[in-house]
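**Student:** I'd like to ask some things about the structure below.
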Amino acid sequence: VPEEVEPLVVALTLGIVTDYAVFYLAGYRRRLLEGLDRVEAARAATIRVTPIVATAGLIVVAGTAALLVGELEFFRAFGPALALTAAVSLVVSVTLVPALLAMVGQRIFWPGVRAEQLGPTSADGFSSPVREAGARFVSSLPVSVVLVVLCSGLLVLAATGISHTKLAFRLITGLPSDTEQRRAAEAAGLGFAPGVLAPTVLLVEGDTGRERRAALVRLEETLAEEEGVAAVIGPREQFPQAPDDLFVTADGSAARFAVIFDEGPLGSDAIGDFRRLEDRLPELLRGARLGGSESGLTGQTALASETVEAIVGSSLRVGAVVLAVNFLLLALFLRALVAPLYLLAASVASVAATLGLTTYVFQDLLGHSDLTYYIPFAAGVLLVSLGSDYNVYVVGRIWEELRVRPVREAIAVAIPRASKAISVAGIALALSFAVLAIVPLDAFRELAFMMSVGVLLETFLVRTLLIPALISVFGGTSTWPGRVRRRPEPDEVAEPT
């Protein structure tokens, strides 16, 4: 199991359990203020909140498990670890938390809820008149259209940073500047060239012949003139007391060259230079009169290039699986097909904006040459899955109100009541991931920033403004093809026998 999993497991556990506990606490507090005793309040809150929490938790479990379809073993180790973490957190949340609420009662809110506050007169005290008035204003159709355009524009603007996102291995450059490995690498780069730490090896095989050694020397000279290449060592060099077959085999059928790039061997610039050289290699061989030879490139830069390419390829496949799983669970929970589509579109836009902001901060503001290759990938999967948590909670509350109210009235009532819980849960989750920044590695600081900013975007922009505005714009179409069942009025319910 990669060591990078452990801190992420801790942060994810803290974040998920705290989030779901907040949802239960909000429902429990409401029932207590309505006058129910501690056990009945816990039971009522559990009945109302558990379907929301269970659906949200299953989305996170399935979303993180989708990492198993990735090509790299690294992510196949991440997937089960994070999925198991989410599953354990979900089980704890739906069992231990309600039991503790029933045992402790109103004392858990001390001093926020006092005995004199309990009773039916407090039932409407969950949202201030100002919040409700603001929600009614925001849910009006003209304002909702403006909000959709404005929020979408902000997300698109932030996402423009993706256009120059660079991915690379930051095994050395991501270490603290005072570590021996980082200092040694910088010294080697200053004394020679950064690529000297891990030269790329070019192997050329072909028929033997009198003119072959001259052709190999021409190839070495041509390679040294390529863009991004600092030096080449090969058949042209003669080393005293070196084996005769150090660069060319005894029969002359194979030769190797050590290509030293002028950038760090695992960085995005070196990867770009490597790919350019790989593309031009057939032409260079023909120019050196080695057109019939076979060639291959290997080394740390080749491995980094292959890994980054696999990451990009896996992101499409894993992303499709994550979105499909999220859509299926949202559709089952909401009994609708239209709403899950724009909910997921909003989540994807939020992830893109978060990655763009991460690029602007780390590459443009802090001067990093690139981002750690797996961070956008892993953080994107987590953000889409965790964002669906808030989708389920916010939209689930609106769907509850739709049973007795029209769409915009339901938004105006549900959003103020859900906003405090969403805000607290979002801040708690963001702080849980922010703790990762104490690990003195750039990879964890990038992950901490991306997860924290992504969660805050989801909490205060997407769930608070964009999603309610989208529901208002789509209106009753959101529930298609299903229909929210109307809750019977009190006088319609038969008296128990």
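Just remember, in the structure tokens the first chain shown is A, the second B, etc., residues are 1-based per chain, and ligands are 1-based in the order shown.
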Could you give me, as an MDAnalysis selection string, the residues within 10 Å of Gly292 (chain A), counting only C-alpha atoms and dropping anything in the same chain fewer than 2 positions from it?
**Tutor:** chainID A and resid 205:207 282 285:286 289:290 294:295
**Student:** From a backbone DSSP assignment, name each residue in region 210-301 of chain A labelled strand (DSSP E or B), as an MDAnalysis selection string.
**Tutor:** chainID A and resid 229:233 248 254:261 294:298
**Student:** Write the residues you've just listed into a file as a PDB file, in the first residue's frame, and include N, CA and C atoms for each of them.
**Tutor:**
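After the write, part32.pdb holds the following:
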ATOM      1  N   VAL A 229      18.333  19.039 -25.123  1.00  0.00           N
ATOM      2  CA  VAL A 229      19.408  18.104 -24.805  1.00  0.00           C
ATOM      3  C   VAL A 229      20.645  18.890 -24.391  1.00  0.00           C
ATOM      4  N   ALA A 230      21.167  18.599 -23.203  1.00  0.00           N
ATOM      5  CA  ALA A 230      22.356  19.294 -22.709  1.00  0.00           C
ATOM      6  C   ALA A 230      23.635  18.605 -23.160  1.00  0.00           C
ATOM      7  N   ALA A 231      23.630  17.290 -23.224  1.00  0.00           N
ATOM      8  CA  ALA A 231      24.838  16.548 -23.614  1.00  0.00           C
ATOM      9  C   ALA A 231      24.444  15.130 -23.984  1.00  0.00           C
ATOM     10  N   VAL A 232      25.319  14.491 -24.778  1.00  0.00           N
ATOM     11  CA  VAL A 232      25.131  13.089 -25.153  1.00  0.00           C
ATOM     12  C   VAL A 232      26.470  12.393 -24.988  1.00  0.00           C
ATOM     13  N   ILE A 233      26.470  11.223 -24.389  1.00  0.00           N
ATOM     14  CA  ILE A 233      27.672  10.408 -24.242  1.00  0.00           C
ATOM     15  C   ILE A 233      27.425   9.098 -24.962  1.00  0.00           C
ATOM     16  N   VAL A 248      29.356   0.290 -27.540  1.00  0.00           N
ATOM     17  CA  VAL A 248      29.103  -0.488 -28.748  1.00  0.00           C
ATOM     18  C   VAL A 248      29.476  -1.933 -28.465  1.00  0.00           C
ATOM     19  N   ALA A 254      24.975  -3.339 -31.978  1.00  0.00           N
ATOM     20  CA  ALA A 254      24.137  -2.530 -31.071  1.00  0.00           C
ATOM     21  C   ALA A 254      24.986  -1.461 -30.406  1.00  0.00           C
ATOM     22  N   ALA A 255      24.384  -0.331 -30.204  1.00  0.00           N
ATOM     23  CA  ALA A 255      25.064   0.788 -29.546  1.00  0.00           C
ATOM     24  C   ALA A 255      24.090   1.499 -28.625  1.00  0.00           C
ATOM     25  N   ARG A 256      24.607   2.141 -27.592  1.00  0.00           N
ATOM     26  CA  ARG A 256      23.749   2.906 -26.690  1.00  0.00           C
ATOM     27  C   ARG A 256      24.338   4.289 -26.466  1.00  0.00           C
ATOM     28  N   PHE A 257      23.428   5.217 -26.195  1.00  0.00           N
ATOM     29  CA  PHE A 257      23.780   6.617 -25.977  1.00  0.00           C
ATOM     30  C   PHE A 257      23.123   7.068 -24.671  1.00  0.00           C
ATOM     31  N   ALA A 258      23.830   7.828 -23.871  1.00  0.00           N
ATOM     32  CA  ALA A 258      23.269   8.441 -22.661  1.00  0.00           C
ATOM     33  C   ALA A 258      22.916   9.893 -22.990  1.00  0.00           C
ATOM     34  N   VAL A 259      21.619  10.173 -23.029  1.00  0.00           N
ATOM     35  CA  VAL A 259      21.131  11.505 -23.377  1.00  0.00           C
ATOM     36  C   VAL A 259      20.805  12.253 -22.083  1.00  0.00           C
ATOM     37  N   ILE A 260      21.480  13.385 -21.869  1.00  0.00           N
ATOM     38  CA  ILE A 260      21.282  14.189 -20.656  1.00  0.00           C
ATOM     39  C   ILE A 260      20.476  15.432 -21.030  1.00  0.00           C
ATOM     40  N   PHE A 261      19.284  15.546 -20.454  1.00  0.00           N
ATOM     41  CA  PHE A 261      18.439  16.714 -20.729  1.00  0.00           C
ATOM     42  C   PHE A 261      18.869  17.882 -19.854  1.00  0.00           C
ATOM     43  N   GLU A 294      16.779  -0.554 -35.594  1.00  0.00           N
ATOM     44  CA  GLU A 294      15.725  -0.484 -34.588  1.00  0.00           C
ATOM     45  C   GLU A 294      16.242   0.328 -33.407  1.00  0.00           C
ATOM     46  N   SER A 295      15.325   1.060 -32.764  1.00  0.00           N
ATOM     47  CA  SER A 295      15.752   1.919 -31.660  1.00  0.00           C
ATOM     48  C   SER A 295      14.734   1.869 -30.531  1.00  0.00           C
ATOM     49  N   GLY A 296      15.185   2.225 -29.343  1.00  0.00           N
ATOM     50  CA  GLY A 296      14.305   2.291 -28.179  1.00  0.00           C
ATOM     51  C   GLY A 296      14.872   3.227 -27.134  1.00  0.00           C
ATOM     52  N   LEU A 297      13.985   3.896 -26.395  1.00  0.00           N
ATOM     53  CA  LEU A 297      14.380   4.824 -25.340  1.00  0.00           C
ATOM     54  C   LEU A 297      13.925   4.281 -23.996  1.00  0.00           C
ATOM     55  N   THR A 298      14.779   4.393 -23.002  1.00  0.00           N
ATOM     56  CA  THR A 298      14.415   3.936 -21.667  1.00  0.00           C
ATOM     57  C   THR A 298      15.059   4.855 -20.629  1.00  0.00           C
TER      58      THR A 298
END
**Student:** One number please: CA of Pro468 (chain A) to CA of Leu334 (chain A), in Å, one decimal.
**Tutor:**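 Between CA of Pro468 (chain A) and CA of Leu334 (chain A) the gap is 15.0 Å.
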**Student:** Find, counting only C-alpha atoms, the residue in A:Val17, A:Leu167, A:Met103, A:Leu402 that gets nearest to Glu309 (chain A).
**Tutor:**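 Among A:Val17, A:Leu167, A:Met103, A:Leu402, it is A:Leu167 that comes nearest to Glu309 (chain A).
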**Student:** So, counting only C-alpha atoms, which residue among A:Gly426, A:Gly291, A:Pro406, A:Gly134 is closest to Leu383 (chain A)?
**Tutor:**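 Closest candidate: A:Gly426.
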**Student:** Smallest atom-to-atom distance to Glu186 (chain A): which of A:Glu400, A:Glu263, A:Val217, A:Ala102, using only C-alpha atoms?
**Tutor:** A:Glu263
**Student:** If you run DSSP on the backbone, which residues of region 266-389 of chain A are alpha helix (DSSP H), as a ChimeraX atom specification?
**Tutor:** /A:268-287,300-334,338-359,375-389
**Student:** Interatomic distance between CA of Glu40 (chain A) and CA of Tyr28 (chain A)?
**Tutor:**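 Going from CA of Glu40 (chain A) over to CA of Tyr28 (chain A) covers 9.5 Å.
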**Student:** List the spatial neighbours of region 348-361 of chain A as number ranges by chain - criterion: any atom at most 8 Å away, only C-alpha atoms, same-chain residues fewer than 3 positions off excluded.
**Tutor:** A: 152, 155-162, 164-165, 344-345, 364-366, 371, 376, 380, 383-384, 446, 449-450, 453-454, 457-458, 462
**Student:** With only C-alpha atoms as the atoms that count, which of A:Ile427, A:Ile471, A:Ala437, A:Val146 lies nearest to Leu8 (chain A)?
**Tutor:**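 Closest to Leu8 (chain A) of all the choices is A:Ala437.
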**Student:** Using only C-alpha atoms, pick whichever of A:Gly189, A:Gly105, A:Pro199, A:Gly387 has the shortest atom-to-atom distance to Arg463 (chain A).
**Tutor:**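 Nearest candidate to Arg463 (chain A) out of A:Gly189, A:Gly105, A:Pro199, A:Gly387: A:Gly387.
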**Student:** Residues at most 12 Å from region 234-238 of chain A, counting only C-alpha atoms, excluding those fewer than 4 positions away in the same chain, as a compact mmCIF listing (two decimals) with N, CA and C atoms, in the first residue's frame?
**Tutor:**
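Result file follows (out.txt):
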# COMPACT_ATOMS: atom_id res chain seq x y z
N PRO A 199 20.13 10.02 -16.77
CA PRO A 199 20.14 10.16 -18.23
C PRO A 199 19.18 9.18 -18.89
N THR A 200 18.65 9.59 -20.04
CA THR A 200 17.82 8.71 -20.85
C THR A 200 18.73 7.89 -21.76
N VAL A 201 18.49 6.61 -21.83
CA VAL A 201 19.32 5.71 -22.63
C VAL A 201 18.65 5.41 -23.95
N LEU A 202 19.38 5.65 -25.03
CA LEU A 202 18.92 5.31 -26.38
C LEU A 202 19.67 4.08 -26.85
N LEU A 203 18.97 3.04 -27.24
CA LEU A 203 19.57 1.82 -27.76
C LEU A 203 19.27 1.73 -29.26
N VAL A 204 20.32 1.51 -30.06
CA VAL A 204 20.18 1.39 -31.52
C VAL A 204 20.75 0.04 -31.92
N ARG A 212 29.38 1.71 -40.04
CA ARG A 212 28.39 1.84 -38.96
C ARG A 212 28.90 2.73 -37.82
N ARG A 213 30.16 2.57 -37.43
CA ARG A 213 30.64 3.38 -36.32
C ARG A 213 30.60 4.86 -36.67
N ALA A 214 30.96 5.20 -37.91
CA ALA A 214 30.88 6.61 -38.33
C ALA A 214 29.45 7.11 -38.28
N ALA A 215 28.51 6.25 -38.66
CA ALA A 215 27.10 6.64 -38.61
C ALA A 215 26.64 6.86 -37.18
N LEU A 216 27.11 6.01 -36.27
CA LEU A 216 26.74 6.17 -34.86
C LEU A 216 27.30 7.47 -34.30
N VAL A 217 28.51 7.83 -34.70
CA VAL A 217 29.08 9.10 -34.26
C VAL A 217 28.27 10.26 -34.79
N ARG A 218 27.83 10.17 -36.07
CA ARG A 218 26.99 11.24 -36.64
C ARG A 218 25.68 11.36 -35.86
N LEU A 219 25.11 10.22 -35.49
CA LEU A 219 23.86 10.25 -34.72
C LEU A 219 24.08 10.92 -33.37
N GLU A 220 25.19 10.62 -32.72
CA GLU A 220 25.48 11.25 -31.43
C GLU A 220 25.60 12.76 -31.56
N GLU A 221 26.27 13.22 -32.61
CA GLU A 221 26.41 14.66 -32.83
C GLU A 221 25.07 15.31 -33.10
N THR A 222 24.23 14.61 -33.85
CA THR A 222 22.89 15.16 -34.16
C THR A 222 22.03 15.22 -32.91
N LEU A 223 22.10 14.17 -32.08
CA LEU A 223 21.32 14.16 -30.84
C LEU A 223 21.70 15.33 -29.94
N ALA A 224 22.97 15.66 -29.88
CA ALA A 224 23.45 16.74 -29.00
C ALA A 224 22.90 18.09 -29.43
N ALA A 242 38.22 1.56 -19.94
CA ALA A 242 36.80 1.21 -19.99
C ALA A 242 36.63 -0.03 -20.86
N PRO A 243 35.61 -0.84 -20.60
CA PRO A 243 35.38 -2.00 -21.45
C PRO A 243 35.15 -1.58 -22.90
N ASP A 244 35.59 -2.43 -23.83
CA ASP A 244 35.43 -2.09 -25.24
C ASP A 244 33.97 -1.99 -25.64
N ASP A 245 33.09 -2.75 -24.95
CA ASP A 245 31.68 -2.76 -25.31
C ASP A 245 30.84 -1.85 -24.40
N LEU A 246 31.47 -0.79 -23.85
CA LEU A 246 30.71 0.12 -22.98
C LEU A 246 29.57 0.80 -23.73
N PHE A 247 29.82 1.23 -24.98
CA PHE A 247 28.79 1.89 -25.78
C PHE A 247 28.44 1.12 -27.05
N VAL A 248 29.36 0.29 -27.54
CA VAL A 248 29.10 -0.49 -28.75
C VAL A 248 29.48 -1.93 -28.47
N THR A 249 28.59 -2.85 -28.87
CA THR A 249 28.89 -4.27 -28.66
C THR A 249 30.09 -4.68 -29.50
N GLY A 252 29.54 -4.85 -33.08
CA GLY A 252 29.06 -3.60 -33.68
C GLY A 252 27.60 -3.58 -34.04
N ALA A 254 24.97 -3.34 -31.98
CA ALA A 254 24.14 -2.53 -31.07
C ALA A 254 24.99 -1.46 -30.41
N ALA A 255 24.38 -0.33 -30.20
CA ALA A 255 25.06 0.79 -29.55
C ALA A 255 24.09 1.50 -28.63
N ARG A 256 24.61 2.14 -27.59
CA ARG A 256 23.75 2.91 -26.69
C ARG A 256 24.34 4.29 -26.47
N PHE A 257 23.43 5.22 -26.19
CA PHE A 257 23.78 6.62 -25.98
C PHE A 257 23.12 7.07 -24.67
N ALA A 258 23.83 7.83 -23.87
CA ALA A 258 23.27 8.44 -22.66
C ALA A 258 22.92 9.89 -22.99
N VAL A 259 21.62 10.17 -23.03
CA VAL A 259 21.13 11.51 -23.38
C VAL A 259 20.81 12.25 -22.08
N ILE A 260 21.48 13.38 -21.87
CA ILE A 260 21.28 14.19 -20.66
C ILE A 260 20.48 15.43 -21.03
**Student:** Looking at only C-alpha atoms, which of A:Ile311, A:Ala331, A:Ala184, A:Ala135 is the one that sits closest to Ala414 (chain A)?
**Tutor:**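 With only C-alpha atoms as the atom set, the closest residue is A:Ala135.
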**Student:** If you count only C-alpha atoms, which residues fall within 12 Å of Val143 (chain A), apart from same-chain ones fewer than 3 positions away, as a PyMOL selection string?
**Tutor:** chain A and resi 134-140+146-151+408+465-466+468-470+472-473
